[in-house]
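Q: Input: one structure, supplied below.
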Amino acid sequence: MKRIRNTSKRIGSIQFAYMSPEEKRDLSATKIITPDTYDDDGFPVEMGLMDTHLGVIEPGLRCKACGGRVDECSGHFGHIELAMPVIHIGYVKEIKKLLRSTCSECGRLLLEEEQIKEYLERMSEMRRMGAGPIDIRYFAKDISKEARKNERCPHCRSEQRKIVLDKPSTFREEKTKLTPKEVRARLERIPDDDLWALGINPEVTRPEYMVLKVLLVPPVTVRPSITLESGDRSEDDLTHKLVDILRINQRLRENRDVGSPQLIVEDLWDLLQYHVTTYFDNQTSGIPPARHRSGRTLKTLIQRLKGKEGRFRQNLSGKRVNFSSRTVISPDPWLSINEVGVPIKAARELTVPLKVTPANIERSKELVENGPSPTKDGKYMAGATYMIRPDGRRIKVTETNSETVAEKIEPGFTIERGLQNGDIVLFNRQPSLHRMSMMAHEVKIVPGKTFRLNLAVCPPYNADFDGDEMNLHVLQSEEARAEAKVLMIVQEHILSPRFGGPIIGAIQDHISGLFFLTYNNPSFTRKEVVSIFSNLKTGRFPQAVEEDGERIWRGKDVFSYFLPEGFNIEFRASICEKCDECEKKGCEHDAYVVIEDGKLLAGTIDENAVSAFSGEIVDKIARDYGTDEARRFIDQVTKIALGVITLRGFTTTIEDEEIPEKAAEQIESVLRKAEKKVGHLVEAYKRGELEELPGRGQRETLEVKVMKELGKARDHAGQIASRHLGMSNNAVVMAKTGARASMLNLTQMAGAVGQQAIRGERPSRGYEERTLSHFKRKELGAKSKGFVRSSYKEGLDPLEYFFHSMGGREGLVDTAVRTSRSGYMQRRLINALEDLMVSNDGTVRNTADTIIQFMYGEDGIDPMRSKRGDALDMDDLIRDFKKRGDE
Amino acid sequence: MAKDKELNILKHGLVPEHRLLPTEEEKEVLDGLGVDRENLPKILISDPAIQQLVKVHGDINVGRIVEIKRKSRTAGVAKAYRLVVKRE
């Protein structure tokens with residue numbers, strides 16, 4: 001059978017129906033009777049489960065039904081005649097509904113004649129008004145619910161007994177079991193006219209088909225057997241299950257025909273029901289799942305389709321793709337944020353189709369001539385792997401045939417060439433939680449075996465280099481490349497639609513480096529500046545100043561060199577001490593940044609200036625000067641930062657948390673005082689003299705007050721510690737500039753770790769009325785409830801260590817639970833929102849053009865172009881107007 | 001609290017302002033949005049807010065439009081429209 005190609009038609013409607021035994025027999029290519037699959041010679045047994053009428057899976061054989069070979073015949077169904085009918089597990093609910101709403105004697109719907117008539121009229125009225133099948137089904141459900149209420153048949157006056165479903169598939173009528181045969185007989189009695197009211201179209205199907213007399217056997221192509229290396233055959237799970245069904249079916253037939261005792265026949269019948277049930281769904285509740293000999297549960301029909309690993313989500317909604325590659329990532333500060341380093345191995349394997357035209361025929365010939373893996377002076381050079389003629393024939397280019405193939409090239413041919421610098425590819429890191437998880441990069445061929453990326457793009461991908469892997473996809477069409485280059489290239493994603501600020505920017509050492517470049521405006525010698533600027537491809541130098549007859553460079557001037565012309569901004573740096581009265585430009589901590597006309601006049605460049613999440617300068621450049629300028633700024637500034645930090649050197653040690661003995665004593669006394677205070681609080685509580693906080697009882701008040709007291713003590717300890725840790729301390733520099741860690745982390749290392757909390761409260765459970773057996777019952781002091789007065793540097797005592805572990809474990813569990821739960825929530829949200837879009841008038845609509853929101857976000861603002869959610873950056877506007885007024 | 005005094009939920013601080021759109025204004029609103037009546041979001045006639053409006057305006061027919069003014073974090077006040085429907 002040749003399938004017709006290239007005809008596309010629109011599906012008008014689909015109708016689903018239960019299949020009748022006759023239809024199944026008609027569809028079937030052969031009847032299956034023996035449970036054997038292959039004979040001793042390895043040939044399929046006639047009328048067995050691998051009968052060649054069902055299609056072929058081995059090359060060379062021909063299908064007996066259609067004569068097709070492996071790729072030509074997609075297979076044919078067979079059928080099994082069941083000795084006794086069994087219930088289809090997928091339809092038990094429907095069967096229950098029908099049995100309950102129809103008469104057990106005459107089969108009529110349990111409603112008065114007029115009522116049925118009325119319902120039918122209403123149903124056809126609904127159809128006329130355009131009701132869909134789902135609406136009809138709901139209506140039919142209501143009708144059957146109504147019918148169920150009648151305890152006596154309005155037609156034959158016979159009394160109706162209650163029918164219960166004994167899960168999974170046994171029906172009982174007041175204790176007496178209904179065999180599938182009886183169930184089928186009852187369904188057969190329902191007259192066609194009543195079926196309409198039950199939501200079944202009798203012109204198409206009948207309810208008794210829900211009880212199976214004939215079982216369809218899927219083609220062998222659906223359940224191919226695998227030949228192992230040892231030569232043994234391994235059958236598919238479905239085949240195993242069908243073998244079980246056939247065996248029991250045969251035994252049941254024999255026993256029934258010789259007139260075995262009713263008990264034996266019934267047992268076999270039940271067994272057949274079990275096998276047919278598990279054949280459809282091996283996770284039916286109430287019955288043990290069928291297992292493979294090895295103990296593995298069998299994957300039957302439902303299991304093939306359902307869930308994450310099922311056909312729909314695994315193979316239909318998402319597929320494996322060609323022209324992609326995956327490897328470990330590593331950092332490369334020399335690349336632009338727009339680039340990605342692709343190792344030679346991957347670049348040779350991944351190809352781009354190149355249509356040969358008169359304009360590029362010379363280049364095409366050259367590529368093919370070069371063969372599949374050319375090198376130039378030992379370096380990578382793009383080569384061609386295939387040539388495709390207009391008739392679709394593919395010719396592989398090899399070292400030996402490259403020259404002869406190259407001669408044949410004509411316009412209209414296509415060649416597949418390896419990657420070369422400048423190609424546009426998509427780069428992705430899972431989990432792809434937002435659109436910045438997949439961005440377009442320009443290829444740069446690099447040695448080694450890892451993908452390389454600029455450090456500034458780590459935040460959008462949420463990537464680090466502890467073994468992370470990323471995927472790369474090569475775009476195959478000109479349109480795709482153009483679109484990716486315009487919409488997906490990294491620089492277009494510097495501003496995040498998530499919070500209306502930059503998500504690409506300086507991180508960690510970049511921030512520390514810029515701090516050292518600008519804090520208190522240090523001087524650099526010519527040698528140093530040359531060293532710093534050697535990272536950059538520029539011949540020009542920033543402005544120097546004359547001092548003591550020597551040319552020196554001031555750090556702020558060096559930074560200003562990278563600011564665009566006419567750039568103005570003012571903001572507080574991350575190192576801001578939040579004084580009561582802000583001195584602005586005259587800040588003694590050099591923490592108020594003032595940039596006028598592209599000159600850094602005051603302040604220190606740190607997290608708030610250039611970082612990936614809060615960089616004001618990056619933000620404003622991207623907004624006012626465009627993405628090209630923003631990319632340039634990030635590329636250059638990060639390189640300079642690394643130059644500065646390389647020049648200076650940067651490290652941190654445990655000694656960075658060293659504090660003088662006097663300070664340690666102070667901390668000790670603060671903690672002692674706090675513990676004493678807690679003791680007083682506990683005593684006040686015991687006397688019942690605690691002044692209750694609004695909405696809290698004595699006990700709760702105590703907890704709150706104790707927590708507050710101990711928290712205060714830790715903060716105080718931290719303050720004492722940080723008084724002795726200044727900006728000459730690298731750990732403090734990192735914390736204050738926002739490069740890494742926080743003052744709290746330092747406090748915990750130098751001062752005291754502080755109170756451990758379980759579910760936001762002090763640990764309380766463990767032993768009877770106490771946390772550990774080391775304490776007295778009902779003890780409420782600091783130590784017994786998880787206050788860690790040691791610092792990480794001193795080390796924790798065993799009890800503290802235990803409480804700390806409790807808190808730490810809670811953190812781990814929380815993250816594990818949070819990720820899985822939020823992942824599922826996000827999946828549901830995406831499925832619900834995926835086809836909504838903002839239309840030109842600002843309304844949000846779905847595909848049916850129904851309005852979902854009258855104005856996108858109620859204000860119609862694109863969050864990516866907003867300033868942290870606001871449509872306008874008011875401070876900036878006012879500054880701008882003021883400046884113009886002054887001029 | 002007096003028992004005979006009925007609760008007007010529309011006066012509750014957390015319930016946004018509901019206004020039955022006069023039929024004359026309907027065309028203007030629909031044209032402004034460029035939609036058919038059917039493409040508006042729906043509100044059930046049994047919705048407590050609509051039932052409260054019934055007390056003021058008398059019976060409200062299915063197919064009328066209600067204007068809802070909400071406080072919005074982003075836009076100050078956001079207007080929304082709902083088509084009154086009956087449960088199927």
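Numbering starts fresh at 1 for the residues of each chain in the structure tokens, the chains themselves are lettered A, B, ... in the order given, and ligands are numbered from 1 as they appear.
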Looking only at the backbone, which of the residues in range 393-579 of chain A does DSSP tag as strand (DSSP E or B), as a PDB file with N, CA, C and O atoms, in the first residue's frame?

A:
```pdb
ATOM      1  N   ARG A 394      21.705  12.543  -1.446  1.00  0.00           N
ATOM      2  CA  ARG A 394      22.751  13.085  -0.585  1.00  0.00           C
ATOM      3  C   ARG A 394      24.069  12.416  -0.901  1.00  0.00           C
ATOM      4  O   ARG A 394      24.145  11.194  -0.968  1.00  0.00           O
ATOM      5  N   ILE A 395      25.093  13.206  -1.125  1.00  0.00           N
ATOM      6  CA  ILE A 395      26.406  12.630  -1.389  1.00  0.00           C
ATOM      7  C   ILE A 395      27.337  13.016  -0.262  1.00  0.00           C
ATOM      8  O   ILE A 395      27.506  14.191   0.040  1.00  0.00           O
ATOM      9  N   LYS A 396      27.897  12.001   0.375  1.00  0.00           N
ATOM     10  CA  LYS A 396      28.770  12.265   1.519  1.00  0.00           C
ATOM     11  C   LYS A 396      30.120  12.752   1.022  1.00  0.00           C
ATOM     12  O   LYS A 396      30.701  12.187   0.099  1.00  0.00           O
ATOM     13  N   PRO A 411      24.638  25.828  -9.032  1.00  0.00           N
ATOM     14  CA  PRO A 411      23.608  26.555  -8.287  1.00  0.00           C
ATOM     15  C   PRO A 411      22.348  25.697  -8.169  1.00  0.00           C
ATOM     16  O   PRO A 411      21.977  25.008  -9.115  1.00  0.00           O
ATOM     17  N   PHE A 413      22.115  23.359  -5.821  1.00  0.00           N
ATOM     18  CA  PHE A 413      22.525  22.317  -4.898  1.00  0.00           C
ATOM     19  C   PHE A 413      22.502  22.872  -3.482  1.00  0.00           C
ATOM     20  O   PHE A 413      22.465  24.080  -3.274  1.00  0.00           O
ATOM     21  N   THR A 414      22.540  21.974  -2.541  1.00  0.00           N
ATOM     22  CA  THR A 414      22.686  22.400  -1.144  1.00  0.00           C
ATOM     23  C   THR A 414      23.898  21.685  -0.578  1.00  0.00           C
ATOM     24  O   THR A 414      24.094  20.501  -0.867  1.00  0.00           O
ATOM     25  N   ILE A 415      24.689  22.396   0.176  1.00  0.00           N
ATOM     26  CA  ILE A 415      25.750  21.668   0.878  1.00  0.00           C
ATOM     27  C   ILE A 415      25.566  21.869   2.365  1.00  0.00           C
ATOM     28  O   ILE A 415      25.014  22.860   2.811  1.00  0.00           O
ATOM     29  N   GLU A 416      26.000  20.873   3.129  1.00  0.00           N
ATOM     30  CA  GLU A 416      25.913  20.986   4.578  1.00  0.00           C
ATOM     31  C   GLU A 416      27.303  21.240   5.111  1.00  0.00           C
ATOM     32  O   GLU A 416      28.184  20.397   5.007  1.00  0.00           O
ATOM     33  N   ARG A 417      27.484  22.425   5.659  1.00  0.00           N
ATOM     34  CA  ARG A 417      28.819  22.765   6.149  1.00  0.00           C
ATOM     35  C   ARG A 417      28.852  22.792   7.665  1.00  0.00           C
ATOM     36  O   ARG A 417      27.828  22.973   8.324  1.00  0.00           O
ATOM     37  N   GLY A 418      30.041  22.625   8.217  1.00  0.00           N
ATOM     38  CA  GLY A 418      30.209  22.696   9.667  1.00  0.00           C
ATOM     39  C   GLY A 418      30.066  24.126  10.141  1.00  0.00           C
ATOM     40  O   GLY A 418      29.953  25.060   9.344  1.00  0.00           O
ATOM     41  N   ILE A 424      24.583  31.756  13.906  1.00  0.00           N
ATOM     42  CA  ILE A 424      23.634  31.983  14.994  1.00  0.00           C
ATOM     43  C   ILE A 424      23.107  30.644  15.495  1.00  0.00           C
ATOM     44  O   ILE A 424      22.615  29.832  14.718  1.00  0.00           O
ATOM     45  N   VAL A 425      23.223  30.434  16.809  1.00  0.00           N
ATOM     46  CA  VAL A 425      22.706  29.192  17.404  1.00  0.00           C
ATOM     47  C   VAL A 425      21.875  29.535  18.635  1.00  0.00           C
ATOM     48  O   VAL A 425      21.992  30.624  19.183  1.00  0.00           O
ATOM     49  N   LEU A 426      21.051  28.599  19.025  1.00  0.00           N
ATOM     50  CA  LEU A 426      20.294  28.781  20.268  1.00  0.00           C
ATOM     51  C   LEU A 426      21.007  28.030  21.380  1.00  0.00           C
ATOM     52  O   LEU A 426      21.492  26.922  21.177  1.00  0.00           O
ATOM     53  N   PHE A 427      21.026  28.636  22.546  1.00  0.00           N
ATOM     54  CA  PHE A 427      21.738  28.061  23.673  1.00  0.00           C
ATOM     55  C   PHE A 427      20.750  27.998  24.835  1.00  0.00           C
ATOM     56  O   PHE A 427      20.014  28.950  25.081  1.00  0.00           O
ATOM     57  N   ASN A 428      20.720  26.859  25.508  1.00  0.00           N
ATOM     58  CA  ASN A 428      19.648  26.639  26.478  1.00  0.00           C
ATOM     59  C   ASN A 428      20.158  25.874  27.687  1.00  0.00           C
ATOM     60  O   ASN A 428      20.989  24.989  27.577  1.00  0.00           O
ATOM     61  N   MET A 438      16.609  30.436  27.090  1.00  0.00           N
ATOM     62  CA  MET A 438      16.995  30.007  25.742  1.00  0.00           C
ATOM     63  C   MET A 438      17.249  31.262  24.926  1.00  0.00           C
ATOM     64  O   MET A 438      16.328  32.001  24.621  1.00  0.00           O
ATOM     65  N   MET A 439      18.524  31.527  24.638  1.00  0.00           N
ATOM     66  CA  MET A 439      18.854  32.748  23.917  1.00  0.00           C
ATOM     67  C   MET A 439      19.752  32.421  22.728  1.00  0.00           C
ATOM     68  O   MET A 439      20.391  31.368  22.680  1.00  0.00           O
ATOM     69  N   ALA A 440      19.764  33.323  21.764  1.00  0.00           N
ATOM     70  CA  ALA A 440      20.602  33.129  20.580  1.00  0.00           C
ATOM     71  C   ALA A 440      21.995  33.688  20.838  1.00  0.00           C
ATOM     72  O   ALA A 440      22.148  34.752  21.445  1.00  0.00           O
ATOM     73  N   HIS A 441      23.006  32.933  20.401  1.00  0.00           N
ATOM     74  CA  HIS A 441      24.398  33.369  20.546  1.00  0.00           C
ATOM     75  C   HIS A 441      25.093  33.297  19.193  1.00  0.00           C
ATOM     76  O   HIS A 441      24.669  32.545  18.307  1.00  0.00           O
ATOM     77  N   GLU A 442      26.201  34.021  19.074  1.00  0.00           N
ATOM     78  CA  GLU A 442      27.047  33.880  17.893  1.00  0.00           C
ATOM     79  C   GLU A 442      28.115  32.844  18.200  1.00  0.00           C
ATOM     80  O   GLU A 442      28.716  32.861  19.272  1.00  0.00           O
ATOM     81  N   VAL A 443      28.370  31.975  17.243  1.00  0.00           N
ATOM     82  CA  VAL A 443      29.343  30.905  17.467  1.00  0.00           C
ATOM     83  C   VAL A 443      30.761  31.464  17.439  1.00  0.00           C
ATOM     84  O   VAL A 443      31.087  32.320  16.637  1.00  0.00           O
ATOM     85  N   LYS A 444      31.562  30.970  18.349  1.00  0.00           N
ATOM     86  CA  LYS A 444      32.993  31.204  18.283  1.00  0.00           C
ATOM     87  C   LYS A 444      33.633  29.848  18.501  1.00  0.00           C
ATOM     88  O   LYS A 444      33.397  29.201  19.520  1.00  0.00           O
ATOM     89  N   ILE A 445      34.393  29.387  17.518  1.00  0.00           N
ATOM     90  CA  ILE A 445      35.006  28.065  17.645  1.00  0.00           C
ATOM     91  C   ILE A 445      36.154  28.136  18.644  1.00  0.00           C
ATOM     92  O   ILE A 445      36.992  29.030  18.567  1.00  0.00           O
ATOM     93  N   VAL A 446      36.147  27.217  19.609  1.00  0.00           N
ATOM     94  CA  VAL A 446      37.199  27.215  20.622  1.00  0.00           C
ATOM     95  C   VAL A 446      37.785  25.810  20.763  1.00  0.00           C
ATOM     96  O   VAL A 446      37.136  24.826  20.423  1.00  0.00           O
ATOM     97  N   PHE A 451      31.378  23.852  26.109  1.00  0.00           N
ATOM     98  CA  PHE A 451      30.805  25.111  25.638  1.00  0.00           C
ATOM     99  C   PHE A 451      31.308  26.206  26.569  1.00  0.00           C
ATOM    100  O   PHE A 451      31.381  26.008  27.783  1.00  0.00           O
ATOM    101  N   ARG A 452      31.612  27.371  26.001  1.00  0.00           N
ATOM    102  CA  ARG A 452      32.075  28.470  26.847  1.00  0.00           C
ATOM    103  C   ARG A 452      31.079  29.602  26.789  1.00  0.00           C
ATOM    104  O   ARG A 452      30.502  29.880  25.734  1.00  0.00           O
ATOM    105  N   LEU A 453      30.901  30.254  27.902  1.00  0.00           N
ATOM    106  CA  LEU A 453      30.038  31.423  27.875  1.00  0.00           C
ATOM    107  C   LEU A 453      30.566  32.506  28.789  1.00  0.00           C
ATOM    108  O   LEU A 453      31.287  32.232  29.742  1.00  0.00           O
ATOM    109  N   GLU A 469      25.602  21.283  32.463  1.00  0.00           N
ATOM    110  CA  GLU A 469      25.642  21.043  31.026  1.00  0.00           C
ATOM    111  C   GLU A 469      24.596  21.907  30.358  1.00  0.00           C
ATOM    112  O   GLU A 469      23.578  22.246  30.951  1.00  0.00           O
ATOM    113  N   MET A 470      24.868  22.277  29.102  1.00  0.00           N
ATOM    114  CA  MET A 470      23.876  23.066  28.376  1.00  0.00           C
ATOM    115  C   MET A 470      23.683  22.515  26.966  1.00  0.00           C
ATOM    116  O   MET A 470      24.521  21.782  26.457  1.00  0.00           O
ATOM    117  N   ASN A 471      22.562  22.882  26.370  1.00  0.00           N
ATOM    118  CA  ASN A 471      22.236  22.397  25.036  1.00  0.00           C
ATOM    119  C   ASN A 471      22.401  23.504  24.013  1.00  0.00           C
ATOM    120  O   ASN A 471      22.161  24.664  24.304  1.00  0.00           O
ATOM    121  N   LEU A 472      22.771  23.102  22.805  1.00  0.00           N
ATOM    122  CA  LEU A 472      22.964  24.063  21.732  1.00  0.00           C
ATOM    123  C   LEU A 472      22.230  23.547  20.499  1.00  0.00           C
ATOM    124  O   LEU A 472      22.309  22.368  20.173  1.00  0.00           O
ATOM    125  N   HIS A 473      21.462  24.431  19.880  1.00  0.00           N
ATOM    126  CA  HIS A 473      20.705  24.049  18.685  1.00  0.00           C
ATOM    127  C   HIS A 473      21.136  24.909  17.507  1.00  0.00           C
ATOM    128  O   HIS A 473      21.186  26.131  17.626  1.00  0.00           O
ATOM    129  N   VAL A 474      21.409  24.274  16.395  1.00  0.00           N
ATOM    130  CA  VAL A 474      21.833  25.033  15.225  1.00  0.00           C
ATOM    131  C   VAL A 474      20.622  25.326  14.361  1.00  0.00           C
ATOM    132  O   VAL A 474      19.892  24.412  13.963  1.00  0.00           O
ATOM    133  N   ILE A 489      18.757  37.194  20.441  1.00  0.00           N
ATOM    134  CA  ILE A 489      20.175  37.387  20.744  1.00  0.00           C
ATOM    135  C   ILE A 489      20.319  37.926  22.166  1.00  0.00           C
ATOM    136  O   ILE A 489      19.458  38.645  22.666  1.00  0.00           O
ATOM    137  N   LEU A 495      17.584  43.442  29.724  1.00  0.00           N
ATOM    138  CA  LEU A 495      16.502  43.815  30.640  1.00  0.00           C
ATOM    139  C   LEU A 495      15.531  42.647  30.741  1.00  0.00           C
ATOM    140  O   LEU A 495      15.148  42.058  29.738  1.00  0.00           O
ATOM    141  N   SER A 496      15.147  42.328  31.968  1.00  0.00           N
ATOM    142  CA  SER A 496      14.273  41.175  32.168  1.00  0.00           C
ATOM    143  C   SER A 496      12.810  41.610  32.250  1.00  0.00           C
ATOM    144  O   SER A 496      12.496  42.588  32.925  1.00  0.00           O
ATOM    145  N   GLY A 501      14.271  45.246  35.095  1.00  0.00           N
ATOM    146  CA  GLY A 501      15.632  45.667  35.384  1.00  0.00           C
ATOM    147  C   GLY A 501      16.580  44.728  34.679  1.00  0.00           C
ATOM    148  O   GLY A 501      16.125  43.782  34.037  1.00  0.00           O
ATOM    149  N   PRO A 502      17.893  44.962  34.799  1.00  0.00           N
ATOM    150  CA  PRO A 502      18.819  44.101  34.081  1.00  0.00           C
ATOM    151  C   PRO A 502      18.928  42.722  34.730  1.00  0.00           C
ATOM    152  O   PRO A 502      18.904  42.614  35.960  1.00  0.00           O
ATOM    153  N   ALA A 506      27.310  42.498  35.691  1.00  0.00           N
ATOM    154  CA  ALA A 506      28.495  42.047  36.409  1.00  0.00           C
ATOM    155  C   ALA A 506      28.113  41.159  37.590  1.00  0.00           C
ATOM    156  O   ALA A 506      27.071  41.352  38.208  1.00  0.00           O
ATOM    157  N   SER A 523      44.852  55.789  42.477  1.00  0.00           N
ATOM    158  CA  SER A 523      45.687  56.144  41.328  1.00  0.00           C
ATOM    159  C   SER A 523      46.330  54.888  40.753  1.00  0.00           C
ATOM    160  O   SER A 523      46.654  53.949  41.482  1.00  0.00           O
ATOM    161  N   PHE A 524      46.530  54.932  39.462  1.00  0.00           N
ATOM    162  CA  PHE A 524      47.201  53.817  38.801  1.00  0.00           C
ATOM    163  C   PHE A 524      48.344  54.361  37.954  1.00  0.00           C
ATOM    164  O   PHE A 524      48.214  55.428  37.340  1.00  0.00           O
ATOM    165  N   VAL A 545      46.051  62.268  34.587  1.00  0.00           N
ATOM    166  CA  VAL A 545      46.270  63.540  35.285  1.00  0.00           C
ATOM    167  C   VAL A 545      47.752  63.641  35.660  1.00  0.00           C
ATOM    168  O   VAL A 545      48.442  62.631  35.817  1.00  0.00           O
ATOM    169  N   GLU A 546      48.181  64.862  35.768  1.00  0.00           N
ATOM    170  CA  GLU A 546      49.590  65.109  36.106  1.00  0.00           C
ATOM    171  C   GLU A 546      49.706  65.219  37.622  1.00  0.00           C
ATOM    172  O   GLU A 546      48.937  65.939  38.262  1.00  0.00           O
ATOM    173  N   GLU A 547      50.609  64.496  38.205  1.00  0.00           N
ATOM    174  CA  GLU A 547      50.795  64.591  39.653  1.00  0.00           C
ATOM    175  C   GLU A 547      52.272  64.369  39.960  1.00  0.00           C
ATOM    176  O   GLU A 547      52.835  63.335  39.582  1.00  0.00           O
ATOM    177  N   GLU A 550      54.368  63.277  37.237  1.00  0.00           N
ATOM    178  CA  GLU A 550      54.152  61.963  36.613  1.00  0.00           C
ATOM    179  C   GLU A 550      52.736  61.871  36.090  1.00  0.00           C
ATOM    180  O   GLU A 550      51.816  62.434  36.677  1.00  0.00           O
ATOM    181  N   ARG A 551      52.583  61.160  35.010  1.00  0.00           N
ATOM    182  CA  ARG A 551      51.236  60.937  34.503  1.00  0.00           C
ATOM    183  C   ARG A 551      50.640  59.755  35.250  1.00  0.00           C
ATOM    184  O   ARG A 551      51.192  58.652  35.249  1.00  0.00           O
ATOM    185  N   ILE A 552      49.536  60.007  35.920  1.00  0.00           N
ATOM    186  CA  ILE A 552      48.851  58.906  36.598  1.00  0.00           C
ATOM    187  C   ILE A 552      47.381  58.901  36.177  1.00  0.00           C
ATOM    188  O   ILE A 552      46.869  59.880  35.637  1.00  0.00           O
ATOM    189  N   TRP A 553      46.753  57.755  36.424  1.00  0.00           N
ATOM    190  CA  TRP A 553      45.338  57.609  36.063  1.00  0.00           C
ATOM    191  C   TRP A 553      44.510  57.390  37.312  1.00  0.00           C
ATOM    192  O   TRP A 553      44.893  56.574  38.171  1.00  0.00           O
ATOM    193  N   ARG A 554      43.420  58.137  37.425  1.00  0.00           N
ATOM    194  CA  ARG A 554      42.549  57.956  38.567  1.00  0.00           C
ATOM    195  C   ARG A 554      41.489  56.916  38.223  1.00  0.00           C
ATOM    196  O   ARG A 554      40.964  56.867  37.099  1.00  0.00           O
ATOM    197  N   ILE A 569      23.383  60.147  35.936  1.00  0.00           N
ATOM    198  CA  ILE A 569      22.640  59.315  36.886  1.00  0.00           C
ATOM    199  C   ILE A 569      23.118  59.619  38.299  1.00  0.00           C
ATOM    200  O   ILE A 569      24.230  60.116  38.505  1.00  0.00           O
ATOM    201  N   GLU A 570      22.269  59.363  39.251  1.00  0.00           N
ATOM    202  CA  GLU A 570      22.618  59.523  40.660  1.00  0.00           C
ATOM    203  C   GLU A 570      21.928  58.420  41.434  1.00  0.00           C
ATOM    204  O   GLU A 570      20.740  58.192  41.237  1.00  0.00           O
ATOM    205  N   PHE A 571      22.635  57.740  42.272  1.00  0.00           N
ATOM    206  CA  PHE A 571      21.999  56.726  43.120  1.00  0.00           C
ATOM    207  C   PHE A 571      22.931  56.357  44.261  1.00  0.00           C
ATOM    208  O   PHE A 571      24.109  56.739  44.270  1.00  0.00           O
ATOM    209  N   ARG A 572      22.384  55.609  45.211  1.00  0.00           N
ATOM    210  CA  ARG A 572      23.202  55.161  46.335  1.00  0.00           C
ATOM    211  C   ARG A 572      23.853  53.843  46.000  1.00  0.00           C
ATOM    212  O   ARG A 572      23.195  52.930  45.490  1.00  0.00           O
TER     213      ARG A 572
END
```

Q: Using only C-alpha atoms, select each residue of chain B with any atom at most 6 Å away from an atom of chain A, and give the selection as a list of chain:residue names.

A: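 Here they are: B:Asn39, B:Leu40, B:Thr74, B:Ala75, B:Ala78.
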
Q: Might you pull out every residue within 9 Å of range 759-766 of chain A, with only C-alpha atoms counted and same-chain residues fewer than 6 positions away left off, and present them as a VMD selection string?

A: chain A and resid 703 to 704 707 772 to 773 784 to 787 803 806 to 807 810

Q: Near Val66 in chain B, counting only C-alpha atoms, which residues have an atom at most 9 Å away, once you skip same-chain residues fewer than 6 positions from it, shown as an NGL selection string?

A: :B and (18-22 or 43 or 50 or 80-84)

Q: Keeping N, CA, C and O atoms, export the residues of the selection given above as a compact mmCIF listing (two decimals), in the first residue's frame.

A:
```
# COMPACT_ATOMS: atom_id res chain seq x y z
N HIS B 18 -19.64 47.76 41.48
CA HIS B 18 -20.34 47.17 40.34
C HIS B 18 -21.39 48.18 39.86
O HIS B 18 -22.10 48.76 40.66
N ARG B 19 -21.45 48.36 38.55
CA ARG B 19 -22.46 49.28 38.02
C ARG B 19 -23.13 48.61 36.83
O ARG B 19 -22.44 48.09 35.94
N LEU B 20 -24.45 48.60 36.86
CA LEU B 20 -25.18 48.05 35.73
C LEU B 20 -25.07 49.06 34.60
O LEU B 20 -25.46 50.23 34.76
N LEU B 21 -24.52 48.62 33.49
CA LEU B 21 -24.30 49.54 32.38
C LEU B 21 -25.63 49.83 31.70
O LEU B 21 -26.32 48.91 31.26
N PRO B 22 -26.04 51.11 31.62
CA PRO B 22 -27.29 51.42 30.92
C PRO B 22 -27.20 50.93 29.47
O PRO B 22 -26.12 50.99 28.87
N ILE B 43 -20.46 36.87 34.02
CA ILE B 43 -20.76 36.84 35.46
C ILE B 43 -22.13 36.18 35.60
O ILE B 43 -23.03 36.43 34.80
N ILE B 50 -24.63 40.75 41.58
CA ILE B 50 -25.72 41.01 40.64
C ILE B 50 -27.05 41.00 41.40
O ILE B 50 -27.93 41.83 41.18
N ALA B 80 -13.47 46.90 34.28
CA ALA B 80 -13.69 45.61 33.62
C ALA B 80 -15.18 45.49 33.34
O ALA B 80 -15.99 46.15 33.98
N TYR B 81 -15.51 44.69 32.35
CA TYR B 81 -16.91 44.51 32.00
C TYR B 81 -17.26 43.04 32.06
O TYR B 81 -16.46 42.18 31.71
N ARG B 82 -18.49 42.76 32.51
CA ARG B 82 -18.94 41.37 32.60
C ARG B 82 -20.30 41.25 31.95
O ARG B 82 -21.16 42.12 32.14
N LEU B 83 -20.48 40.17 31.21
CA LEU B 83 -21.77 39.88 30.60
C LEU B 83 -22.56 39.02 31.57
O LEU B 83 -22.06 38.01 32.06
N VAL B 84 -23.79 39.43 31.87
CA VAL B 84 -24.61 38.66 32.81
C VAL B 84 -25.15 37.42 32.09
O VAL B 84 -25.73 37.53 31.01
```

Q: In terms of the shortest atom-to-atom distance over only C-alpha atoms, which of A:Asp468, A:Asp257, A:Asp36, A:Glu369 is closest to Thr239 in chain A?

A: A:Asp36

Q: Residues near Ser560 in chain A, anyone? I mean within 7 Å using only C-alpha atoms, not counting same-chain ones fewer than 4 positions away, as an MDAnalysis selection string.

A: chainID A and resid 556 598:600
